[in-house]
$ cat my_file_22.cif   # mmCIF, C-alpha atoms
data_input
loop_
_atom_site.group_PDB
_atom_site.id
_atom_site.type_symbol
_atom_site.label_atom_id
_atom_site.label_comp_id
_atom_site.auth_asym_id
_atom_site.auth_seq_id
_atom_site.Cartn_x
_atom_site.Cartn_y
_atom_site.Cartn_z
ATOM 1 C CA MET A 836 -30.031 -49.335 -76.021
ATOM 2 C CA SER A 837 -32.095 -48.240 -78.994
ATOM 3 C CA GLU A 838 -29.129 -47.929 -81.331
ATOM 4 C CA GLN A 839 -28.078 -51.519 -80.589
ATOM 5 C CA ASN A 840 -29.347 -52.540 -84.044
ATOM 6 C CA ASN A 841 -26.971 -50.199 -85.812
ATOM 7 C CA LEU A 842 -23.880 -51.578 -84.153
ATOM 8 C CA ILE A 843 -21.293 -53.218 -86.358
ATOM 9 C CA SER A 844 -19.603 -56.419 -85.284
ATOM 10 C CA LEU A 845 -15.805 -56.453 -85.396
ATOM 11 C CA LYS A 846 -13.192 -59.171 -85.192
ATOM 12 C CA VAL A 847 -9.686 -58.785 -83.865
ATOM 13 C CA HIS A 848 -7.488 -59.234 -86.901
ATOM 14 C CA GLY A 849 -4.193 -59.036 -85.063
ATOM 15 C CA VAL A 850 -1.934 -57.068 -82.790
ATOM 16 C CA LEU A 851 0.982 -55.090 -84.217
ATOM 17 C CA VAL A 852 3.922 -53.607 -82.406
ATOM 18 C CA ASP A 853 4.432 -49.953 -83.160
ATOM 19 C CA PRO A 854 8.210 -49.869 -83.483
ATOM 20 C CA ASN A 855 8.294 -46.108 -82.913
ATOM 21 C CA THR A 856 6.600 -46.047 -79.536
ATOM 22 C CA ASP A 857 6.169 -48.307 -76.561
ATOM 23 C CA THR A 858 2.683 -49.243 -77.735
ATOM 24 C CA GLN A 859 0.868 -51.871 -79.705
ATOM 25 C CA ILE A 860 -1.927 -51.560 -82.236
ATOM 26 C CA VAL A 861 -4.977 -53.767 -82.178
ATOM 27 C CA ILE A 862 -6.395 -54.139 -85.677
ATOM 28 C CA LEU A 863 -10.149 -54.641 -85.739
ATOM 29 C CA ARG A 864 -11.990 -55.459 -88.955
ATOM 30 C CA ASP A 865 -15.641 -55.853 -89.760
ATOM 31 C CA GLU A 866 -16.936 -59.159 -91.041
ATOM 32 C CA ARG A 867 -16.846 -58.170 -94.699
ATOM 33 C CA ASN A 868 -13.291 -56.889 -94.277
ATOM 34 C CA SER A 869 -14.339 -53.532 -95.628
ATOM 35 C CA GLU A 870 -13.598 -51.482 -92.528
ATOM 36 C CA VAL A 871 -10.442 -51.344 -90.448
ATOM 37 C CA LEU A 872 -10.295 -49.854 -86.988
ATOM 38 C CA PRO A 873 -6.800 -49.590 -85.488
ATOM 39 C CA ILE A 874 -6.639 -48.897 -81.752
ATOM 40 C CA TRP A 875 -3.380 -48.038 -80.016
ATOM 41 C CA VAL A 876 -3.016 -49.805 -76.669
ATOM 42 C CA GLY A 877 -0.367 -50.222 -73.975
ATOM 43 C CA THR A 878 2.108 -53.083 -73.996
ATOM 44 C CA ALA A 879 0.414 -54.995 -71.171
ATOM 45 C CA GLU A 880 -3.023 -54.745 -72.787
ATOM 46 C CA GLY A 881 -1.642 -55.641 -76.235
ATOM 47 C CA THR A 882 0.069 -58.696 -74.770
ATOM 48 C CA SER A 883 -3.106 -59.727 -72.989
ATOM 49 C CA ILE A 884 -5.097 -59.470 -76.235
ATOM 50 C CA ARG A 885 -2.484 -61.437 -78.141
ATOM 51 C CA LEU A 886 -2.450 -64.241 -75.542
ATOM 52 C CA ALA A 887 -6.237 -64.519 -75.814
ATOM 53 C CA LEU A 888 -6.103 -64.527 -79.641
ATOM 54 C CA GLU A 889 -3.553 -67.315 -79.604
ATOM 55 C CA GLY A 890 -5.537 -69.253 -76.999
ATOM 56 C CA VAL A 891 -2.553 -69.286 -74.658
ATOM 57 C CA VAL A 892 -3.508 -70.116 -71.089
ATOM 58 C CA PRO A 893 -0.802 -68.600 -68.887
ATOM 59 C CA PRO A 894 0.340 -70.611 -65.839
ATOM 60 C CA ARG A 895 -0.984 -67.878 -63.567
ATOM 61 C CA PRO A 896 -4.059 -65.745 -64.243
ATOM 62 C CA MET A 897 -3.277 -62.426 -65.914
ATOM 63 C CA SER A 898 -5.452 -59.428 -65.021
ATOM 64 C CA HIS A 899 -8.132 -60.128 -67.641
ATOM 65 C CA ASP A 900 -8.202 -63.825 -66.749
ATOM 66 C CA LEU A 901 -8.906 -62.679 -63.206
ATOM 67 C CA ILE A 902 -11.882 -60.583 -64.365
ATOM 68 C CA GLN A 903 -13.179 -63.591 -66.296
ATOM 69 C CA SER A 904 -12.724 -65.678 -63.163
ATOM 70 C CA PHE A 905 -14.795 -63.148 -61.144
ATOM 71 C CA GLY A 906 -17.615 -63.729 -63.628
ATOM 72 C CA GLU A 907 -17.348 -67.510 -63.432
ATOM 73 C CA HIS A 908 -17.401 -67.462 -59.623
ATOM 74 C CA LEU A 909 -20.079 -64.816 -59.144
ATOM 75 C CA GLY A 910 -22.251 -65.813 -62.086
ATOM 76 C CA PHE A 911 -22.305 -62.687 -64.192
ATOM 77 C CA GLU A 912 -21.771 -62.819 -67.944
ATOM 78 C CA VAL A 913 -20.213 -60.458 -70.429
ATOM 79 C CA THR A 914 -22.806 -60.165 -73.208
ATOM 80 C CA SER A 915 -20.908 -57.756 -75.460
ATOM 81 C CA VAL A 916 -18.396 -54.959 -75.501
ATOM 82 C CA VAL A 917 -19.061 -51.796 -77.460
ATOM 83 C CA ILE A 918 -16.630 -49.169 -78.684
ATOM 84 C CA THR A 919 -18.855 -46.198 -78.116
ATOM 85 C CA GLU A 920 -16.956 -43.039 -78.809
ATOM 86 C CA VAL A 921 -13.790 -41.429 -80.122
ATOM 87 C CA LYS A 922 -12.680 -38.021 -78.873
ATOM 88 C CA ASN A 923 -9.293 -36.429 -79.544
ATOM 89 C CA ASN A 924 -7.995 -39.761 -80.860
ATOM 90 C CA THR A 925 -9.038 -41.522 -77.665
ATOM 91 C CA TYR A 926 -11.508 -44.372 -77.908
ATOM 92 C CA TYR A 927 -14.070 -45.166 -75.235
ATOM 93 C CA ALA A 928 -15.824 -48.456 -74.644
ATOM 94 C CA SER A 929 -18.483 -50.035 -72.533
ATOM 95 C CA ILE A 930 -18.709 -53.596 -71.236
ATOM 96 C CA HIS A 931 -22.230 -55.026 -71.112
ATOM 97 C CA LEU A 932 -22.880 -57.548 -68.349
ATOM 98 C CA THR A 933 -25.909 -59.529 -67.369
ATOM 99 C CA HIS A 934 -26.241 -60.066 -63.684
ATOM 100 C CA ASN A 935 -29.318 -61.679 -62.124
ATOM 101 C CA GLY A 936 -31.202 -61.038 -65.351
ATOM 102 C CA LEU A 937 -30.358 -57.331 -65.390
ATOM 103 C CA GLU A 938 -28.100 -55.663 -67.898
ATOM 104 C CA ARG A 939 -25.348 -53.422 -66.588
ATOM 105 C CA ASN A 940 -22.875 -51.278 -68.504
ATOM 106 C CA VAL A 941 -19.416 -50.588 -67.198
ATOM 107 C CA ASP A 942 -17.131 -47.927 -68.715
ATOM 108 C CA SER A 943 -13.826 -49.286 -69.912
ATOM 109 C CA ARG A 944 -10.895 -48.601 -72.146
ATOM 110 C CA PRO A 945 -11.300 -50.488 -75.449
ATOM 111 C CA SER A 946 -8.148 -52.511 -74.673
ATOM 112 C CA ASP A 947 -9.615 -53.981 -71.479
ATOM 113 C CA ALA A 948 -12.974 -54.496 -73.170
ATOM 114 C CA ILE A 949 -11.403 -56.374 -76.110
ATOM 115 C CA ALA A 950 -9.170 -58.470 -73.838
ATOM 116 C CA LEU A 951 -12.229 -59.483 -71.847
ATOM 117 C CA ALA A 952 -14.454 -60.085 -74.902
ATOM 118 C CA LEU A 953 -11.918 -62.497 -76.413
ATOM 119 C CA ARG A 954 -11.774 -64.502 -73.179
ATOM 120 C CA THR A 955 -15.533 -64.621 -72.720
ATOM 121 C CA LYS A 956 -16.222 -65.160 -76.451
ATOM 122 C CA SER A 957 -18.432 -62.076 -76.473
ATOM 123 C CA PRO A 958 -19.087 -59.969 -79.557
ATOM 124 C CA ILE A 959 -17.060 -56.797 -80.083
ATOM 125 C CA LEU A 960 -19.293 -54.062 -81.491
ATOM 126 C CA VAL A 961 -18.717 -50.518 -82.654
ATOM 127 C CA THR A 962 -21.070 -47.639 -83.343
ATOM 128 C CA PRO A 963 -21.239 -46.361 -86.952
ATOM 129 C CA GLU A 964 -20.197 -42.904 -85.666
ATOM 130 C CA VAL A 965 -16.894 -44.246 -84.346
ATOM 131 C CA LEU A 966 -16.125 -45.958 -87.659
ATOM 132 C CA GLU A 967 -16.901 -42.740 -89.488
ATOM 133 C CA ARG A 968 -14.792 -40.593 -87.222
ATOM 134 C CA ARG A 969 -11.801 -42.874 -86.849
ATOM 135 C CA GLY A 970 -8.465 -41.451 -87.754
ATOM 136 C CA GLY A 971 -7.854 -44.027 -90.443
ATOM 137 C CA GLU A 972 -6.502 -41.795 -93.156
ATOM 138 C CA ASN A 973 -2.943 -42.026 -91.846
ATOM 139 C CA LEU A 974 -3.140 -45.727 -91.244
ATOM 140 C CA ASP A 975 -2.649 -46.875 -94.835
ATOM 141 C CA ALA A 976 0.539 -44.868 -95.123
ATOM 142 C CA TRP A 977 1.691 -46.177 -91.784
ATOM 143 C CA LEU A 978 0.879 -49.783 -92.709
ATOM 144 C CA ALA A 979 2.604 -49.451 -96.055
ATOM 145 C CA LYS A 980 5.846 -48.549 -94.319
ATOM 146 C CA LEU A 981 5.591 -51.465 -91.967
ATOM 147 C CA ASP A 982 7.823 -54.447 -92.466
ATOM 148 C CA PRO A 983 5.684 -57.607 -92.728
ATOM 149 C CA LYS A 984 8.090 -59.205 -90.285
ATOM 150 C CA SER A 985 6.808 -56.844 -87.583
ATOM 151 C CA PHE A 986 3.633 -58.864 -87.442
ATOM 152 C CA GLY A 987 3.552 -61.067 -84.422
ATOM 153 C CA GLN A 988 7.103 -60.277 -83.394
ATOM 154 C CA GLN A 989 6.818 -59.213 -79.828
ATOM 155 C CA GLU A 990 7.942 -60.764 -76.630
ATOM 156 C CA ALA A 991 5.623 -61.087 -73.691
ATOM 157 C CA MET B 473 -2.289 -67.822 -39.317
ATOM 158 C CA LEU B 474 -2.365 -64.617 -41.314
ATOM 159 C CA ASN B 475 -0.269 -61.522 -40.851
ATOM 160 C CA GLN B 476 -1.590 -58.214 -42.009
ATOM 161 C CA MET B 477 0.793 -56.441 -44.364
ATOM 162 C CA ASN B 478 1.065 -52.850 -45.513
ATOM 163 C CA VAL B 479 2.402 -51.741 -48.861
ATOM 164 C CA ARG B 480 5.457 -49.726 -47.927
ATOM 165 C CA GLY B 481 6.412 -48.698 -51.409
ATOM 166 C CA LEU B 482 7.761 -49.625 -54.787
ATOM 167 C CA LEU B 483 11.357 -49.848 -55.874
ATOM 168 C CA PHE B 484 12.705 -50.006 -59.386
ATOM 169 C CA ASP B 485 15.052 -52.912 -60.003
ATOM 170 C CA PRO B 486 17.359 -51.707 -62.774
ATOM 171 C CA TYR B 487 19.055 -55.119 -63.071
ATOM 172 C CA ASN B 488 15.878 -56.962 -63.958
ATOM 173 C CA ASN B 489 14.012 -53.998 -65.440
ATOM 174 C CA ALA B 490 11.198 -54.773 -63.007
ATOM 175 C CA TYR B 491 9.691 -53.316 -59.877
ATOM 176 C CA ILE B 492 9.612 -54.576 -56.313
ATOM 177 C CA VAL B 493 6.551 -54.106 -54.127
ATOM 178 C CA ILE B 494 7.631 -53.959 -50.500
ATOM 179 C CA LEU B 495 5.114 -55.368 -48.034
ATOM 180 C CA ARG B 496 5.788 -55.094 -44.307
ATOM 181 C CA ASP B 497 3.820 -56.448 -41.407
ATOM 182 C CA GLU B 498 2.372 -54.073 -38.853
ATOM 183 C CA GLN B 499 5.229 -54.491 -36.395
ATOM 184 C CA ASN B 500 7.665 -53.905 -39.251
ATOM 185 C CA SER B 501 9.415 -57.112 -38.346
ATOM 186 C CA ASP B 502 8.703 -59.083 -41.504
ATOM 187 C CA MET B 503 9.238 -57.883 -45.016
ATOM 188 C CA LEU B 504 7.962 -59.423 -48.206
ATOM 189 C CA PRO B 505 9.501 -58.155 -51.460
ATOM 190 C CA ILE B 506 7.477 -59.115 -54.522
ATOM 191 C CA TRP B 507 8.844 -58.535 -58.009
ATOM 192 C CA VAL B 508 6.189 -57.308 -60.445
ATOM 193 C CA GLY B 509 6.038 -56.062 -64.013
ATOM 194 C CA LYS B 510 5.871 -52.449 -65.096
ATOM 195 C CA SER B 511 2.134 -52.231 -65.707
ATOM 196 C CA GLU B 512 1.313 -53.963 -62.407
ATOM 197 C CA ALA B 513 3.677 -51.587 -60.613
ATOM 198 C CA SER B 514 1.987 -48.590 -62.159
ATOM 199 C CA ALA B 515 -1.437 -49.973 -61.155
ATOM 200 C CA ILE B 516 -0.195 -50.249 -57.552
ATOM 201 C CA SER B 517 1.534 -46.883 -57.608
ATOM 202 C CA PHE B 518 -1.599 -45.065 -58.872
ATOM 203 C CA ALA B 519 -3.567 -46.519 -55.973
ATOM 204 C CA LEU B 520 -0.856 -45.708 -53.402
ATOM 205 C CA GLU B 521 -0.682 -42.123 -54.585
ATOM 206 C CA LYS B 522 -4.470 -41.949 -54.917
ATOM 207 C CA ILE B 523 -4.217 -40.780 -58.513
ATOM 208 C CA ALA B 524 -7.500 -41.102 -60.371
ATOM 209 C CA PRO B 525 -6.569 -41.624 -64.022
ATOM 210 C CA PRO B 526 -8.759 -39.907 -66.633
ATOM 211 C CA ARG B 527 -9.885 -43.294 -67.910
ATOM 212 C CA PRO B 528 -10.356 -46.445 -65.861
ATOM 213 C CA MET B 529 -7.215 -48.588 -65.817
ATOM 214 C CA THR B 530 -7.585 -52.380 -65.675
ATOM 215 C CA HIS B 531 -7.854 -52.545 -61.873
ATOM 216 C CA ASP B 532 -10.264 -49.607 -61.749
ATOM 217 C CA LEU B 533 -12.369 -51.631 -64.177
ATOM 218 C CA MET B 534 -12.141 -54.639 -61.853
ATOM 219 C CA LYS B 535 -13.405 -52.529 -58.963
ATOM 220 C CA SER B 536 -16.129 -51.039 -61.108
ATOM 221 C CA ILE B 537 -17.346 -54.491 -62.219
ATOM 222 C CA LEU B 538 -17.325 -55.785 -58.625
ATOM 223 C CA ASP B 539 -19.232 -52.654 -57.477
ATOM 224 C CA ASN B 540 -21.765 -53.142 -60.272
ATOM 225 C CA VAL B 541 -22.539 -56.715 -59.275
ATOM 226 C CA GLU B 542 -22.416 -55.774 -55.559
ATOM 227 C CA ALA B 543 -19.503 -57.987 -54.653
ATOM 228 C CA LYS B 544 -17.235 -56.727 -51.892
ATOM 229 C CA VAL B 545 -13.510 -57.398 -51.590
ATOM 230 C CA ILE B 546 -12.901 -58.766 -48.085
ATOM 231 C CA SER B 547 -9.156 -59.224 -48.344
ATOM 232 C CA ALA B 548 -6.173 -60.111 -50.493
ATOM 233 C CA VAL B 549 -3.969 -62.918 -49.187
ATOM 234 C CA VAL B 550 -0.494 -63.883 -50.365
ATOM 235 C CA THR B 551 -0.860 -67.618 -49.889
ATOM 236 C CA ASP B 552 2.180 -69.390 -51.239
ATOM 237 C CA LEU B 553 5.681 -69.105 -52.573
ATOM 238 C CA LYS B 554 6.973 -71.737 -54.982
ATOM 239 C CA ASP B 555 10.096 -71.497 -57.129
ATOM 240 C CA ASN B 556 10.371 -67.776 -56.454
ATOM 241 C CA THR B 557 6.783 -67.214 -57.571
ATOM 242 C CA TYR B 558 4.198 -65.860 -55.189
ATOM 243 C CA PHE B 559 0.560 -66.924 -55.308
ATOM 244 C CA ALA B 560 -2.393 -65.012 -53.916
ATOM 245 C CA LYS B 561 -6.129 -65.140 -53.460
ATOM 246 C CA ILE B 562 -8.763 -62.445 -53.509
ATOM 247 C CA HIS B 563 -11.583 -63.049 -51.039
ATOM 248 C CA LEU B 564 -14.964 -61.708 -52.095
ATOM 249 C CA LEU B 565 -18.254 -61.410 -50.291
ATOM 250 C CA TYR B 566 -21.170 -61.817 -52.672
ATOM 251 C CA GLY B 567 -24.707 -62.335 -51.418
ATOM 252 C CA ASP B 568 -24.260 -64.401 -48.302
ATOM 253 C CA SER B 569 -21.314 -66.368 -49.628
ATOM 254 C CA GLU B 570 -17.597 -65.954 -49.611
ATOM 255 C CA TYR B 571 -15.516 -66.722 -52.684
ATOM 256 C CA SER B 572 -11.756 -67.003 -52.939
ATOM 257 C CA ILE B 573 -10.302 -66.476 -56.362
ATOM 258 C CA ASP B 574 -6.749 -67.276 -57.497
ATOM 259 C CA SER B 575 -4.772 -64.249 -58.509
ATOM 260 C CA ARG B 576 -1.270 -62.979 -58.957
ATOM 261 C CA PRO B 577 -0.212 -60.968 -55.878
ATOM 262 C CA SER B 578 0.162 -57.855 -58.049
ATOM 263 C CA ASP B 579 -3.508 -57.967 -59.117
ATOM 264 C CA ALA B 580 -4.641 -58.826 -55.590
ATOM 265 C CA ILE B 581 -2.691 -55.903 -54.103
ATOM 266 C CA ALA B 582 -3.849 -53.462 -56.804
ATOM 267 C CA VAL B 583 -7.493 -54.424 -56.153
ATOM 268 C CA ALA B 584 -7.125 -54.379 -52.345
ATOM 269 C CA LEU B 585 -5.645 -50.869 -52.399
ATOM 270 C CA ARG B 586 -8.561 -49.590 -54.503
ATOM 271 C CA THR B 587 -11.200 -51.172 -52.288
ATOM 272 C CA ASP B 588 -9.528 -50.398 -48.936
ATOM 273 C CA ALA B 589 -9.381 -54.119 -48.225
ATOM 274 C CA PRO B 590 -6.654 -55.514 -45.953
ATOM 275 C CA ILE B 591 -3.683 -57.403 -47.383
ATOM 276 C CA PHE B 592 -2.430 -60.487 -45.567
ATOM 277 C CA ALA B 593 0.392 -62.983 -45.946
ATOM 278 C CA THR B 594 0.364 -66.487 -44.506
ATOM 279 C CA GLU B 595 2.954 -67.410 -41.865
ATOM 280 C CA GLU B 596 4.210 -70.013 -44.293
ATOM 281 C CA VAL B 597 5.013 -67.471 -46.979
ATOM 282 C CA LEU B 598 6.790 -65.225 -44.501
ATOM 283 C CA ARG B 599 8.782 -68.193 -43.253
ATOM 284 C CA LYS B 600 9.644 -69.440 -46.741
ATOM 285 C CA GLN B 601 10.846 -66.146 -48.025
ATOM 286 C CA SER B 602 13.910 -64.678 -46.554
ATOM 287 C CA SER B 603 14.521 -61.028 -47.026
ATOM 288 C CA GLU B 604 18.176 -61.873 -47.388
ATOM 289 C CA GLU B 605 17.741 -61.747 -51.107
ATOM 290 C CA LEU B 606 16.375 -58.232 -50.918
ATOM 291 C CA GLU B 607 19.011 -57.128 -48.422
ATOM 292 C CA ARG B 608 21.745 -58.372 -50.701
ATOM 293 C CA TRP B 609 20.066 -56.612 -53.573
ATOM 294 C CA LEU B 610 19.739 -53.375 -51.598
ATOM 295 C CA GLU B 611 23.409 -53.476 -50.596
ATOM 296 C CA ASN B 612 24.421 -53.647 -54.222
ATOM 297 C CA LEU B 613 22.208 -50.752 -55.119
ATOM 298 C CA LYS B 614 23.852 -47.452 -55.859
ATOM 299 C CA PRO B 615 22.209 -44.230 -54.678
ATOM 300 C CA GLU B 616 21.789 -43.101 -58.261
ATOM 301 C CA ASP B 617 19.563 -46.107 -58.950
ATOM 302 C CA PHE B 618 16.846 -44.575 -56.806
ATOM 303 C CA GLY B 619 14.148 -42.766 -58.683
ATOM 304 C CA LYS B 620 15.344 -43.891 -62.088
ATOM 305 C CA SER B 621 12.094 -45.385 -63.113
ATOM 306 C CA GLU B 622 11.419 -44.148 -66.564
ATOM 307 C CA SER B 623 10.467 -46.775 -69.086
#

$ encode --input "my_file_22.cif" --output "structure tokens"
Amino acid sequence: MSEQNNLISLKVHGVLVDPNTDTQIVILRDERNSEVLPIWVGTAEGTSIRLALEGVVPPRPMSHDLIQSFGEHLGFEVTSVVITEVKNNTYYASIHLTHNGLERNVDSRPSDAIALALRTKSPILVTPEVLERRGGENLDAWLAKLDPKSFGQQEA
Amino acid sequence: MLNQMNVRGLLFDPYNNAYIVILRDEQNSDMLPIWVGKSEASAISFALEKIAPPRPMTHDLMKSILDNVEAKVISAVVTDLKDNTYFAKIHLLYGDSEYSIDSRPSDAIAVALRTDAPIFATEEVLRKQSSEELERWLENLKPEDFGKSES
């Protein structure tokens, strides 16, 4: 990938529950905390991301633990995940694997990619175009209305 | 000894706000009801109805990763039942070796359905579980409970 150098590294800042819908919001920030990328995800994916953030090892493997376990057994590694595109408010991502010395890219939803990156300690990257085109203008207003108590208050 | 099972369908359990995957053996003599969460149920239901979602769901991603590294799903096996919790394994063929990987039954079934791999249950699991629980549950069910599966 020639544009690999332009990619921006993001950290998962937290997972919020959107009280108005049955969804959760993953908040990604760049390392200088100057950019925020909120991504709406389903409840199961949000929960999976939160468990990984908190370092909780569930008694039985959840779906993304299973994918990680495939890698450990078969010897492929997740090298990075990249949020590649945003179209009609939908984000697209790609999971980069190395397998027998070859790099492979697998299309994914960002939620699965992030859940897997946190478990495999792989970098989460985003293209500058996605950061530019994100629908962030409504986010500040939305965040301002949010009760601080909403942070981290969700059951599994 | 393994018994091959087919996924007969999914029921909504309004009392527990969960779903039940119904597995039956080929002779339809043994039934294995497995309670699963909403997202696992939808992953199984998409595969049963052969719906290809516009974007890969988690189990489509699993299949895609396994395809990319040329690993083949041989089977999914429900291996144990302890304290009302089922355990499963996914058997993979990779290179010349076989790998068995611990999984929840819901993930194992969702992957098996997408890869056309057979689903098995051990004799022990079939013996340990009694479908009495399900039968009792079904008897209590009112006709209007059927099909009420919105979130």

$ closest_residue --input "my_file_22.cif" --among "A:Pro945, A:Gly906, A:Pro963, A:Pro896" --to "chain B" --atoms "all atoms listed in the file"
A:Pro896

$ interface_residues --input "my_file_22.cif" --of "chain A" --to "chain B" --cutoff "12 Å" --atoms "all atoms listed in the file" --output "PyMOL selection string"
chain A and resi 856-858+876-883+893-913+925-951+991

$ atom_distance --input "my_file_22.cif" --atom1 "CA of Val961 in chain A" --atom2 "CA of Ile862 in chain A"
13.2 Å

$ resolve_selection --input "my_file_22.cif" --expression "the PyMOL selection byres ((chain B and resi 490) around 12)" --output "PyMOL selection string"
chain B and resi 482-489+491-493+506-514+620-623

$ write_last_selection --input "my_file_22.cif" --atoms "C-alpha atoms" --output "compact mmCIF listing (two decimals), in the frame of the given file"
# COMPACT_ATOMS: atom_id res chain seq x y z
CA LEU B 482 7.76 -49.62 -54.79
CA LEU B 483 11.36 -49.85 -55.87
CA PHE B 484 12.70 -50.01 -59.39
CA ASP B 485 15.05 -52.91 -60.00
CA PRO B 486 17.36 -51.71 -62.77
CA TYR B 487 19.06 -55.12 -63.07
CA ASN B 488 15.88 -56.96 -63.96
CA ASN B 489 14.01 -54.00 -65.44
CA TYR B 491 9.69 -53.32 -59.88
CA ILE B 492 9.61 -54.58 -56.31
CA VAL B 493 6.55 -54.11 -54.13
CA ILE B 506 7.48 -59.12 -54.52
CA TRP B 507 8.84 -58.54 -58.01
CA VAL B 508 6.19 -57.31 -60.44
CA GLY B 509 6.04 -56.06 -64.01
CA LYS B 510 5.87 -52.45 -65.10
CA SER B 511 2.13 -52.23 -65.71
CA GLU B 512 1.31 -53.96 -62.41
CA ALA B 513 3.68 -51.59 -60.61
CA SER B 514 1.99 -48.59 -62.16
CA LYS B 620 15.34 -43.89 -62.09
CA SER B 621 12.09 -45.38 -63.11
CA GLU B 622 11.42 -44.15 -66.56
CA SER B 623 10.47 -46.78 -69.09

$ atom_distance --input "my_file_22.cif" --atom1 "CA of Ser844 in chain A" --atom2 "CA of Glu866 in chain A"
6.9 Å

$ atom_distance --input "my_file_22.cif" --atom1 "CA of Val850 in chain A" --atom2 "CA of Glu964 in chain A"
23.3 Å

$ residues_around --input "my_file_22.cif" --residues "Asn924 in chain A" --least-positions-apart "2" --cutoff "10 Å" --atoms "all atoms listed in the file" --output "ChimeraX atom specification"
/A:874-875,920-922,926-927,968-970

$ resolve_selection --input "my_file_22.cif" --expression "the PyMOL selection byres ((chain B and resi 522) around 12)" --output "ChimeraX atom specification"
/B:514-521,523-525,532,582,585-588

$ closest_residue --input "my_file_22.cif" --among "A:Ser957, A:Val916, A:Thr962, A:Lys846" --to "Ser869 in chain A" --atoms "all atoms listed in the file"
A:Lys846

$ decode --input "my_file_22.cif" --residues "range 922-957 of chain A" --atoms "C-alpha atoms" --output "compact mmCIF listing (two decimals), in the first residue's frame"
# COMPACT_ATOMS: atom_id res chain seq x y z
CA LYS A 922 -19.79 6.32 2.38
CA ASN A 923 -23.29 7.45 3.34
CA ASN A 924 -22.26 7.48 7.01
CA THR A 925 -21.05 3.89 6.79
CA TYR A 926 -17.43 3.17 7.59
CA TYR A 927 -15.42 0.43 5.90
CA ALA A 928 -12.29 -1.24 7.20
CA SER A 929 -9.66 -3.73 6.22
CA ILE A 930 -7.77 -6.19 8.41
CA HIS A 931 -4.14 -6.74 7.40
CA LEU A 932 -2.75 -10.20 8.12
CA THR A 933 0.61 -11.76 7.56
CA HIS A 934 0.48 -15.39 6.69
CA ASN A 935 3.57 -17.36 5.65
CA GLY A 936 5.36 -14.08 5.03
CA LEU A 937 2.64 -12.75 2.72
CA GLU A 938 0.37 -9.86 3.51
CA ARG A 939 -3.35 -10.35 3.03
CA ASN A 940 -6.18 -7.85 3.42
CA VAL A 941 -9.62 -8.90 4.52
CA ASP A 942 -12.65 -6.58 4.29
CA SER A 943 -14.36 -6.00 7.59
CA ARG A 944 -16.70 -3.72 9.44
CA PRO A 945 -14.70 -1.29 11.61
CA SER A 946 -16.29 -2.78 14.75
CA ASP A 947 -14.90 -6.26 14.06
CA ALA A 948 -11.56 -4.80 13.00
CA ILE A 949 -11.25 -2.73 16.20
CA ALA A 950 -12.34 -5.64 18.42
CA LEU A 951 -9.68 -7.80 16.82
CA ALA A 952 -6.96 -5.11 16.88
CA LEU A 953 -7.40 -4.59 20.63
CA ARG A 954 -7.03 -8.33 21.28
CA THR A 955 -4.00 -8.73 19.04
CA LYS A 956 -2.43 -5.41 20.15
CA SER A 957 -2.33 -4.27 16.54
